[in-house]
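Next comes target-v3.txt, with compact mmCIF, C-alpha atoms.
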```txt
# COMPACT_ATOMS: atom_id res chain seq x y z
CA MET D 1 82.42 173.87 51.06
CA GLY D 2 80.86 176.89 52.45
CA ASN D 3 78.52 179.31 50.85
CA ILE D 4 80.60 181.53 48.60
CA ARG D 5 78.66 184.15 46.87
CA ARG D 6 79.33 185.20 43.38
CA SER D 7 80.16 188.64 42.29
CA LEU D 8 80.27 190.27 38.96
CA PHE D 9 83.68 188.94 38.01
CA GLY D 10 83.53 185.64 39.92
CA TYR D 11 83.68 184.82 43.58
CA LYS D 12 84.32 187.34 46.31
CA LYS D 13 87.94 187.36 47.09
CA ARG D 14 87.55 187.73 50.83
CA GLU D 15 85.17 184.78 51.10
CA VAL D 16 87.47 182.67 48.95
CA ASP D 17 90.45 183.70 51.09
CA ASP D 18 88.50 182.90 54.26
CA LEU D 19 87.48 179.55 52.83
CA ILE D 20 91.08 178.81 51.78
CA SER D 21 92.29 179.89 55.20
CA ARG D 22 89.73 177.68 56.90
CA LEU D 23 90.57 174.77 54.61
CA GLU D 24 94.29 175.24 55.26
CA GLY D 25 93.59 175.33 59.01
CA GLU D 26 91.50 172.22 58.67
CA LYS D 27 94.22 170.69 56.49
CA ALA D 28 96.86 171.53 59.15
CA HIS D 29 94.60 170.11 61.86
CA LEU D 30 94.00 166.95 59.81
CA LYS D 31 97.72 166.70 59.04
CA GLN D 32 98.50 167.07 62.74
CA GLU D 33 95.83 164.50 63.56
CA LEU D 34 97.27 162.22 60.86
CA GLU D 35 100.76 162.58 62.36
CA GLY D 36 99.33 161.77 65.82
CA LYS D 37 97.55 158.76 64.38
CA SER D 38 100.75 157.72 62.58
CA GLU D 39 102.67 157.95 65.85
CA MET D 40 99.96 155.96 67.55
CA ILE D 41 100.11 153.37 64.76
CA GLU D 42 103.90 153.16 65.16
CA GLN D 43 103.51 152.74 68.94
CA LEU D 44 100.84 150.10 68.45
CA ASN D 45 103.04 148.35 65.87
CA ALA D 46 105.94 148.44 68.33
CA GLN D 47 103.68 147.01 71.05
CA LEU D 48 102.39 144.42 68.60
CA HIS D 49 105.97 143.43 67.74
CA LYS D 50 106.80 143.29 71.46
CA PHE D 51 103.73 141.15 72.16
CA ARG D 52 104.55 138.85 69.27
CA SER D 53 108.10 138.47 70.59
CA GLN D 54 106.70 137.69 74.03
CA GLU D 55 104.21 135.28 72.49
CA GLU D 56 107.08 133.52 70.71
CA LEU D 57 109.04 133.34 73.98
CA VAL D 58 105.98 131.94 75.79
CA ARG D 59 105.44 129.42 72.99
CA GLU D 60 109.08 128.33 73.23
CA ALA D 61 108.83 128.13 77.03
CA ILE D 62 105.72 125.95 76.73
CA ILE D 63 107.46 123.67 74.23
CA ASP D 64 110.53 123.47 76.51
CA ALA D 65 108.28 122.73 79.49
CA LYS D 66 106.51 119.95 77.57
CA GLN D 67 109.83 118.43 76.54
CA LEU D 68 111.16 118.71 80.08
CA SER D 69 108.04 117.10 81.53
CA LYS D 70 108.27 114.24 79.02
CA ARG D 71 111.93 113.73 79.88
CA LEU D 72 111.18 113.84 83.63
CA VAL D 73 108.37 111.31 83.23
CA GLU D 74 110.66 108.99 81.26
CA GLU D 75 113.43 109.36 83.84
CA ALA D 76 110.95 108.70 86.66
CA LYS D 77 109.68 105.58 84.87
CA GLN D 78 113.22 104.36 84.34
CA GLU D 79 114.16 105.02 87.97
CA ALA D 80 111.00 103.29 89.18
CA THR D 81 111.83 100.27 87.00
CA GLU D 82 115.36 100.16 88.37
CA LEU D 83 114.08 100.45 91.96
CA LEU D 84 111.60 97.65 91.32
CA CYS D 85 114.33 95.43 89.85
CA ASP D 86 116.61 96.17 92.81
CA ALA D 87 113.79 95.42 95.26
CA ASN D 88 112.99 92.14 93.49
CA LYS D 89 116.66 91.14 93.55
CA THR D 90 116.93 92.00 97.25
CA ILE D 91 113.81 89.97 98.00
CA SER D 92 115.15 87.07 95.96
CA ASP D 93 118.50 87.23 97.77
CA GLU D 94 116.75 87.35 101.16
CA PHE D 95 114.61 84.32 100.26
CA ALA D 96 117.73 82.44 99.17
CA ARG D 97 119.45 83.27 102.49
CA PHE D 98 116.28 82.28 104.35
CA ASN D 99 116.11 78.94 102.54
CA GLN D 100 119.80 78.31 103.24
CA SER D 101 119.25 79.14 106.94
CA MET D 102 116.24 76.81 107.03
CA GLU D 103 118.28 74.00 105.50
CA THR D 104 121.02 74.55 108.09
CA LEU D 105 118.46 74.63 110.92
CA ASN D 106 116.77 71.47 109.62
CA GLY D 107 120.16 69.73 109.55
CA ILE D 108 120.82 70.78 113.14
CA LYS D 109 117.31 69.71 114.15
CA ASN D 110 117.82 66.29 112.55
CA ARG D 111 121.12 65.82 114.42
CA VAL D 112 119.48 66.88 117.70
CA VAL D 113 116.57 64.49 117.15
CA ALA D 114 119.01 61.68 116.37
CA GLN D 115 121.03 62.47 119.52
CA LYS D 116 117.83 62.64 121.57
CA GLU D 117 116.75 59.25 120.29
CA GLU D 118 120.21 57.84 121.00
CA LEU D 119 120.16 59.30 124.53
CA SER D 120 116.64 58.03 125.09
CA LYS D 121 117.64 54.50 123.99
CA GLU D 122 120.74 54.62 126.16
CA LEU D 123 118.72 55.83 129.15
CA GLN D 124 116.07 53.15 128.64
CA GLU D 125 118.78 50.51 128.34
CA THR D 126 120.41 51.76 131.56
CA LEU D 127 117.07 51.76 133.38
CA ARG D 128 116.29 48.27 132.10
CA ARG D 129 119.66 46.97 133.36
CA TYR D 130 119.15 48.56 136.75
CA LYS D 131 115.64 47.19 136.98
CA GLU D 132 116.97 43.70 136.20
CA ALA D 133 119.81 44.18 138.64
CA PHE D 134 117.38 45.43 141.29
CA GLU D 135 115.05 42.51 140.79
CA ASN D 136 117.94 40.01 140.87
CA SER D 137 119.97 41.61 143.63
CA GLU D 138 120.05 41.55 147.35
CA THR D 139 120.38 44.59 149.59
CA GLU D 140 124.16 44.35 149.72
CA ASP D 141 124.28 44.78 145.92
CA PHE D 142 122.76 48.27 146.17
CA VAL D 143 126.15 49.84 146.89
CA ARG D 144 127.51 48.32 143.67
CA ILE D 145 124.36 49.41 141.77
CA LYS D 146 124.73 52.94 143.11
CA GLU D 147 128.33 53.05 141.86
CA GLU D 148 127.28 51.76 138.43
CA LEU D 149 124.39 54.22 138.37
CA ASP D 150 126.74 57.09 139.23
CA ALA D 151 129.10 55.97 136.45
CA ASP D 152 126.22 55.76 133.93
CA ILE D 153 124.94 59.17 134.98
CA THR D 154 128.43 60.61 134.52
CA ARG D 155 128.64 59.05 131.04
CA SER D 156 125.16 60.39 130.22
CA GLU D 157 126.16 63.86 131.38
CA GLU D 158 129.24 63.69 129.13
CA VAL D 159 127.06 62.73 126.15
CA VAL D 160 124.69 65.59 126.96
CA GLU D 161 127.61 68.03 127.19
CA LYS D 162 128.88 66.83 123.80
CA SER D 163 125.42 67.30 122.33
CA LYS D 164 125.44 70.90 123.55
CA GLN D 165 128.08 71.56 120.94
CA VAL D 166 125.40 71.09 118.28
CA ILE D 167 122.67 73.17 119.96
CA PHE D 168 122.06 74.81 123.27
CA LEU D 169 120.34 72.56 125.81
CA PRO D 170 119.64 73.55 129.42
CA SER D 171 122.09 71.99 131.85
CA PHE D 172 120.90 68.98 133.84
CA ASN D 173 121.71 68.55 137.52
CA LYS D 174 121.91 65.24 139.27
CA SER D 175 118.82 66.33 141.18
CA ASN D 176 116.87 66.30 137.88
CA TRP D 177 117.69 62.58 137.46
CA ASN D 178 116.29 61.52 140.82
```
Translate this structure into structure tokens?
Amino acid sequence: MGNIRRSLFGYKKREVDDLISRLEGEKAHLKQELEGKSEMIEQLNAQLHKFRSQEELVREAIIDAKQLSKRLVEEAKQEATELLCDANKTISDEFARFNQSMETLNGIKNRVVAQKEELSKELQETLRRYKEAFENSETEDFVRIKEELDADITRSEEVVEKSKQVIFLPSFNKSNWN
């Protein structure tokens, strides 16, 4: 409070009026300052509410993102499992086809080996007969031997041609037999 001097019948009116005036001015200033602070508080409360709303939205977005990532991971695991199963089935099917092809090829090989052995025996038998005929024959028998040899070669060529139906064999010329 200020210094108010006393007079005979109390305080001096002018000083009291000045003090009241000053106090009212200060009161108005404080009231104005209070209103400014109240507005500021309202603005800050509005910002706080806005930030809390944004925080809630961010929290929900984070939760949604976590759920989405979990779902994506599960879907990726499931797809990877399905791809692995499909790959294993494809590999299994390919091995089965390979084994079937190998069995077929082994069967063809066995038939070719059997035909080769048969041809080899037939050729050896023919050569043995001609050797015996050559050893037991005279020069005039060579014409007959040549005719028999030509007939045997023709038969051998027919057998070879029939064997080509099983597998591919290079063609033999008569010049290869000489």
Centre and edges of the segment 82-92 of chain D box, axis-aligned, 4 Å extra per side, as lines of an AutoDock Vina configuration file:
```
center_x = 114.3
center_y = 93.8
center_z = 93.2
size_x = 13.3
size_y = 21.4
size_z = 17.6
```
One decimal place gives the atom CA of Asn45 of chain D-atom CA of Asp64 of chain D separation as 28.1 Å
Please provide as a list in words all residues within 10 Å of Gln115 of chain D, with the sequence filter that same-chain residues fewer than 3 positions apart are discarded (counting only C-alpha atoms). Lys109, Asn110, Arg111, Val112, Glu118, Leu119, Ser120, Lys121, Val159, Val160, Lys162, Ser163 and Val166 of chain D
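Take atom CA of Gln100 of chain D and atom CA of Cys85 of chain D: the distance between them is 22.4 Å.
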